[in-house]
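Peer 1: This is the structure I have questions about; it appears just below.
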Amino acid sequence: MGRVVLGMLGLGTVGTGVVKLLGQQRHLQLKKVAVRDKLKQRDIVLPCAVTDDPLQVIDDPEIEVLIEVMGGEKPALDHMLRAIEQRKHIVTANKEVLAKHGPELFELARRKGVAIFFEASVAGGIPLISTIQKGLEANKISSVAGILNGTTNFILSSMEERGESFARALEVAQSLGFAEADPTADVEGFDVAYKLSILSALAYGRFARPESIFRQGIRDISAEDMASAREFGYRIKLVGCTAGGEDSLSVRVHPTLVPLAHPLAAVSGSNNGILVTGHAVGEIVMVGPGAGQMPTASAVVGDIINLASALQLPDFASYFQAAIQPEWACVLPPGMWRCPFYLHLKVSDSPGVIGQIGTIFGLRRISIQSIVQRGSRQGGADIVILTHAAVSSDMDGALSELSKCAFMQGLASCIRIWQEPDKTSADR
Ligand SMILES: NC(=O)c1ccc[n+]([C@@H]2O[C@H](COP(=O)([O-])OP(=O)(O)OC[C@H]3O[C@@H](n4cnc5c(N)ncnc54)[C@H](OP(=O)(O)O)[C@@H]3O)[C@@H](O)[C@H]2O)c1
């Protein structure tokens, strides 16, 4: 194999891991790395030039492959577009850019005859993308669902194991380096939405616009909900799912009560766990580290080695180009899918309340599986309800009706319960 010359944008957590792993690959030469601050102390001795001008990397004619591990939307997008214009292949870990600009990037890459590799952008060290792209190519994928964010899984696992509040579990995650100082992207589900957009492109040929993806974060999950879910035989996880076909998709991320015996319930700490269902293979489960320096670098360097080994072949890029359409996917509105619900209501402790709740639900075809009053507190009582599968728009209507009732003091939680993705269609 001939020598392949690489340039890299970014030398943070992932970039540093990439340099460490590249040291073991003699045929790969890292020529230049761009950073924001050239004078910053680094954990490694670099075997190449460092610059604070990304264009010195992108425009270097000797560099054939650009590794983009700087993150963020801009200027990363402009740098990638510029490199593709110059017919350079891209290896990136940047889920945000792919999710927001995937159609444009892949269309340009197709026209310029270059490949974009992005294994590290979803599920870090787990080879999920190559599995869907190549290993499961013979399948019609009906769903990809799972735990796609290690930070939130770490927080939810701590809350459950130690009975901690969300705020305390977040603080611990931050002190251990599992959560950013600004945790919004993780805890509000943006990070998972970006990954679902990419998974939609792989499984169904079209990216899902991040804004069209239903997103509910974990900030409102209480230690009480965790304990209550456990009593009913569930564990709360932040689950993302894309399901459907070429016509329309249901794409969503929200906290989910997962039955204790389900494979996703066993995914603990900062791990990720994903279920892929294909018509021929059935269901496969992949579990492993979804982030972190070396697991993510493992995915990036795996992509580089794959790319480098194919570079000499004629027209190899088309083999590696995912069959992604330039149009966005049609994403169904969230009201259209159905699943069972867990509800925690705060009500006044007066006679007839449970009967009135039953009537409101019954009028909207929502059938109650279990209803429990959690004792009385001063001025009221807590009621926990588990429903059978209900259409989301019916549940929205019932909750709006309940909010107008004099006995209602507040909706403490409304959390969806796991439903096999192929049973979530609202057609009844
Ligand atoms: N960390 C993970 O576990 C993980 C897992 C999967 C995917 N990813 C993805 O990998 C990418 C990188 O993440 P990271 O955690 O390594 O980020 P990071 O630690 O914040 O590192 C970012 C690097 O990019 C450089 N940089 C930022 N803006 C720049 C600019 N305008 N010009 C030149 N250099 C610039 C920074 O330079 P300075 O060092 O000078 O500040 C730094 O070296 C992101 O897309 C992220 O989503 C990360």
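Chain labels A, B, ... are given in the sequence in which chains occur in the structure tokens; within each chain residues are numbered consecutively from 1, and ligands are likewise numbered from 1 in the order shown.
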Give as a list in words the residues surrounding ligand 1 up to a distance of 6 Å, considering only C-alpha atoms and all ligand atoms.
Peer 2: Leu9, Gly10, Leu11, Gly12, Thr13, Val14, Gly15, Ala34, Val35, Arg36, Asp37, Asp52, Pro54, Val69, Met70, Gly71, Gly72, Ala93, Asn94, Lys95, Ala120, Ser121, Gly124, Ala291, Gly292, Gln293 and Thr296 of chain A
Peer 1: Using C-alpha atoms, can you write the selected residues to a file as a PDB file, in the first residue's frame?
Peer 2:
ATOM      1  CA  LEU A   9      -8.631  20.013  11.675  1.00  0.00           C
ATOM      2  CA  GLY A  10      -8.790  19.868  15.484  1.00  0.00           C
ATOM      3  CA  LEU A  11      -6.552  18.402  18.164  1.00  0.00           C
ATOM      4  CA  GLY A  12      -8.886  18.146  21.134  1.00  0.00           C
ATOM      5  CA  THR A  13     -10.175  14.971  22.792  1.00  0.00           C
ATOM      6  CA  VAL A  14     -10.723  13.033  19.566  1.00  0.00           C
ATOM      7  CA  GLY A  15      -7.860  14.550  17.539  1.00  0.00           C
ATOM      8  CA  ALA A  34      -4.940  22.987  12.474  1.00  0.00           C
ATOM      9  CA  VAL A  35      -5.958  24.156  15.960  1.00  0.00           C
ATOM     10  CA  ARG A  36      -7.489  27.328  17.356  1.00  0.00           C
ATOM     11  CA  ASP A  37      -4.610  28.110  19.724  1.00  0.00           C
ATOM     12  CA  ASP A  52      -3.906  28.049  13.403  1.00  0.00           C
ATOM     13  CA  PRO A  54      -7.191  25.655   8.634  1.00  0.00           C
ATOM     14  CA  VAL A  69     -12.458  16.619  14.315  1.00  0.00           C
ATOM     15  CA  MET A  70     -12.892  20.283  15.260  1.00  0.00           C
ATOM     16  CA  GLY A  71     -16.666  19.967  15.768  1.00  0.00           C
ATOM     17  CA  GLY A  72     -19.460  22.556  15.579  1.00  0.00           C
ATOM     18  CA  ALA A  93     -16.816  12.730  13.608  1.00  0.00           C
ATOM     19  CA  ASN A  94     -19.099  15.757  13.279  1.00  0.00           C
ATOM     20  CA  LYS A  95     -22.741  14.682  13.729  1.00  0.00           C
ATOM     21  CA  ALA A 120     -17.359   8.202  14.643  1.00  0.00           C
ATOM     22  CA  SER A 121     -20.349  10.512  14.262  1.00  0.00           C
ATOM     23  CA  GLY A 124     -18.439   6.450  18.971  1.00  0.00           C
ATOM     24  CA  ALA A 291     -17.840   8.327  23.143  1.00  0.00           C
ATOM     25  CA  GLY A 292     -14.480   9.004  24.755  1.00  0.00           C
ATOM     26  CA  GLN A 293     -11.034   9.661  23.332  1.00  0.00           C
ATOM     27  CA  THR A 296     -13.961   7.568  19.065  1.00  0.00           C
TER      28      THR A 296
END
Peer 1: If we count only C-alpha atoms and set the cut-off at 12 Å, which residues sit around Ile304 in chain A, ignoring sequence neighbours fewer than 3 positions away in its own chain? Please answer as a PyMOL selection string.
Peer 2: chain A and resi 4-8+18-19+21-22+25+27-30+64-68+89-93+115-120+297-301+307-311
Peer 1: Which residues, written as a list in words, have at least one atom at most 8 Å from Glu246 in chain A, with only C-alpha atoms counted and residues fewer than 3 positions away on the same chain left out?
Peer 2: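 So, after excluding close chain neighbours, the residues are Tyr204, Gly205 and Leu249 of chain A.
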Peer 1: Smallest atom-to-atom distance to Arg235 in chain A: which of A:Thr424, A:Asn153, A:Gln174, A:Ser197, using only C-alpha atoms?
Peer 2: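 Residue with the minimum atom-to-atom distance to Arg235 in chain A: A:Asn153.
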Peer 1: Show me, as JSON, numbers by chain, the residues that have an atom within 10 Å of range 275-278 of chain A when counting only C-alpha atoms, minus same-chain residues fewer than 2 positions from it.
Peer 2: {"A": [128, 131, 132, 136, 137, 138, 139, 140, 141, 142, 143, 144, 145, 146, 147, 203, 241, 242, 243, 263, 264, 273, 280, 281, 282, 283, 284, 285, 286, 287, 421, 422]}
Peer 1: How many Å separate CA of Ile221 in chain A from CA of Cys414 in chain A?
Peer 2: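 So the answer is 9.5 Å.
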Peer 1: Which residues, written as a ChimeraX atom specification, have at least one atom at most 7 Å from Met336 in chain A, with only C-alpha atoms counted and residues fewer than 2 positions away on the same chain left out?
Peer 2: /A:332-334,338,391-393,426
Peer 1: What does the file look like for those residues with N, CA and C atoms, as a JSON list (two decimals), in the first residue's frame?
Peer 2:
[["chain", "number", "residue", "atom", "x", "y", "z"],
["A", 332, "LEU", "N", -43.03, 12.07, 10.02],
["A", 332, "LEU", "CA", -44.42, 12.15, 10.50],
["A", 332, "LEU", "C", -44.50, 13.03, 11.73],
["A", 333, "PRO", "N", -45.59, 13.81, 11.87],
["A", 333, "PRO", "CA", -45.74, 14.59, 13.10],
["A", 333, "PRO", "C", -45.89, 13.65, 14.29],
["A", 334, "PRO", "N", -45.41, 14.05, 15.47],
["A", 334, "PRO", "CA", -45.40, 13.14, 16.63],
["A", 334, "PRO", "C", -46.77, 12.67, 17.05],
["A", 338, "ARG", "N", -48.27, 5.82, 18.19],
["A", 338, "ARG", "CA", -48.92, 5.36, 19.41],
["A", 338, "ARG", "C", -47.98, 4.54, 20.28],
["A", 391, "VAL", "N", -52.78, 6.83, 20.98],
["A", 391, "VAL", "CA", -52.24, 7.73, 19.96],
["A", 391, "VAL", "C", -51.79, 9.01, 20.66],
["A", 392, "SER", "N", -50.61, 9.51, 20.30],
["A", 392, "SER", "CA", -50.04, 10.67, 21.02],
["A", 392, "SER", "C", -50.96, 11.88, 20.99],
["A", 393, "SER", "N", -51.64, 12.12, 19.85],
["A", 393, "SER", "CA", -52.51, 13.30, 19.79],
["A", 393, "SER", "C", -53.70, 13.13, 20.73],
["A", 426, "ALA", "N", -50.09, 4.87, 13.97],
["A", 426, "ALA", "CA", -51.35, 5.32, 14.57],
["A", 426, "ALA", "C", -52.56, 4.71, 13.86]]
Peer 1: Report the distance between CA of Ala185 in chain A and CA of Ile417 in chain A in Å, rounded to one decimal place.
Peer 2: 23.1 Å
Peer 1: If you measure from CA of Lys32 in chain A to CA of Pro61 in chain A, what distance in Å do you get, rounded to one decimal?
Peer 2: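 We find that CA of Lys32 in chain A and CA of Pro61 in chain A lie 11.9 Å from each other.
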Peer 1: Which one of A:Ile126, A:Ala412, A:Val33, A:Ile218 sits closest to Ile155 in chain A if you count only C-alpha atoms?
Peer 2: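 Counting only C-alpha atoms, the residue closest to Ile155 in chain A is A:Ile218.
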Peer 1: Select from range 55-301 of chain A everything DSSP, run on the backbone, classes as strand (DSSP E or B), then give the selection as a PyMOL selection string.
Peer 2: chain A and resi 65-68+89-92+116-117+141-147+214-215+234-244+249-259+271-278+282-289
Peer 1: Could you tell me which of A:Asp53, A:Glu107, A:Asp382, A:Glu160 comes closest to Leu411 in chain A if we count only C-alpha atoms?
Peer 2: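 For Leu411 in chain A, the nearest of the given residues is A:Asp382.
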Peer 1: Give me, as CSV, the closest atom pair and its distance (Å, one decimal) for every residue of range 206-231 of chain A within a cut-off of 9 Å of range 164-169 of chain A, counting only C-alpha atoms, rows sorted by chain and rising number.
Peer 2:
residue,atom,partner,partner_atom,distance
A:Ile218,CA,A:Phe166,CA,8.1
A:Arg219,CA,A:Phe166,CA,6.5
A:Asp220,CA,A:Phe166,CA,7.8
A:Ile221,CA,A:Phe166,CA,6.8
A:Ser222,CA,A:Ser165,CA,6.1
A:Ala223,CA,A:Ser165,CA,5.4
A:Glu224,CA,A:Ser165,CA,8.8
Peer 1: Put those residues in a file: N, CA and C atoms, as a compact mmCIF listing (two decimals), in the first residue's frame.
Peer 2:
# COMPACT_ATOMS: atom_id res chain seq x y z
N ILE A 218 -34.18 15.01 29.37
CA ILE A 218 -34.32 14.27 30.64
C ILE A 218 -34.32 15.17 31.87
N ARG A 219 -34.29 16.51 31.67
CA ARG A 219 -34.19 17.42 32.82
C ARG A 219 -35.32 17.21 33.84
N ASP A 220 -36.53 16.86 33.35
CA ASP A 220 -37.68 16.78 34.24
C ASP A 220 -37.85 15.41 34.89
N ILE A 221 -36.96 14.49 34.60
CA ILE A 221 -37.09 13.16 35.22
C ILE A 221 -36.69 13.29 36.70
N SER A 222 -37.56 12.78 37.57
CA SER A 222 -37.26 12.90 39.01
C SER A 222 -36.84 11.55 39.58
N ALA A 223 -36.19 11.60 40.74
CA ALA A 223 -35.81 10.36 41.43
C ALA A 223 -37.06 9.55 41.75
N GLU A 224 -38.16 10.27 42.00
CA GLU A 224 -39.44 9.62 42.28
C GLU A 224 -39.92 8.80 41.08
Peer 1: I'd like the neighbourhood of Cys405 in chain A as a list in words, where a residue qualifies if any of its atoms comes within 10 Å (using only C-alpha atoms), though same-chain residues fewer than 5 positions away should be ignored.
Peer 2: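 Those residues are Val347, Val353, Gln356, Ile357 and Ser400 of chain A.
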Peer 1: Per DSSP on the backbone, filter range 186-320 of chain A down to the residues in helix (DSSP H, G or I) and report them as a PyMOL selection string.
Peer 2: chain A and resi 186-187+190-204+210-212+223-231+263-266+293-310+317-320
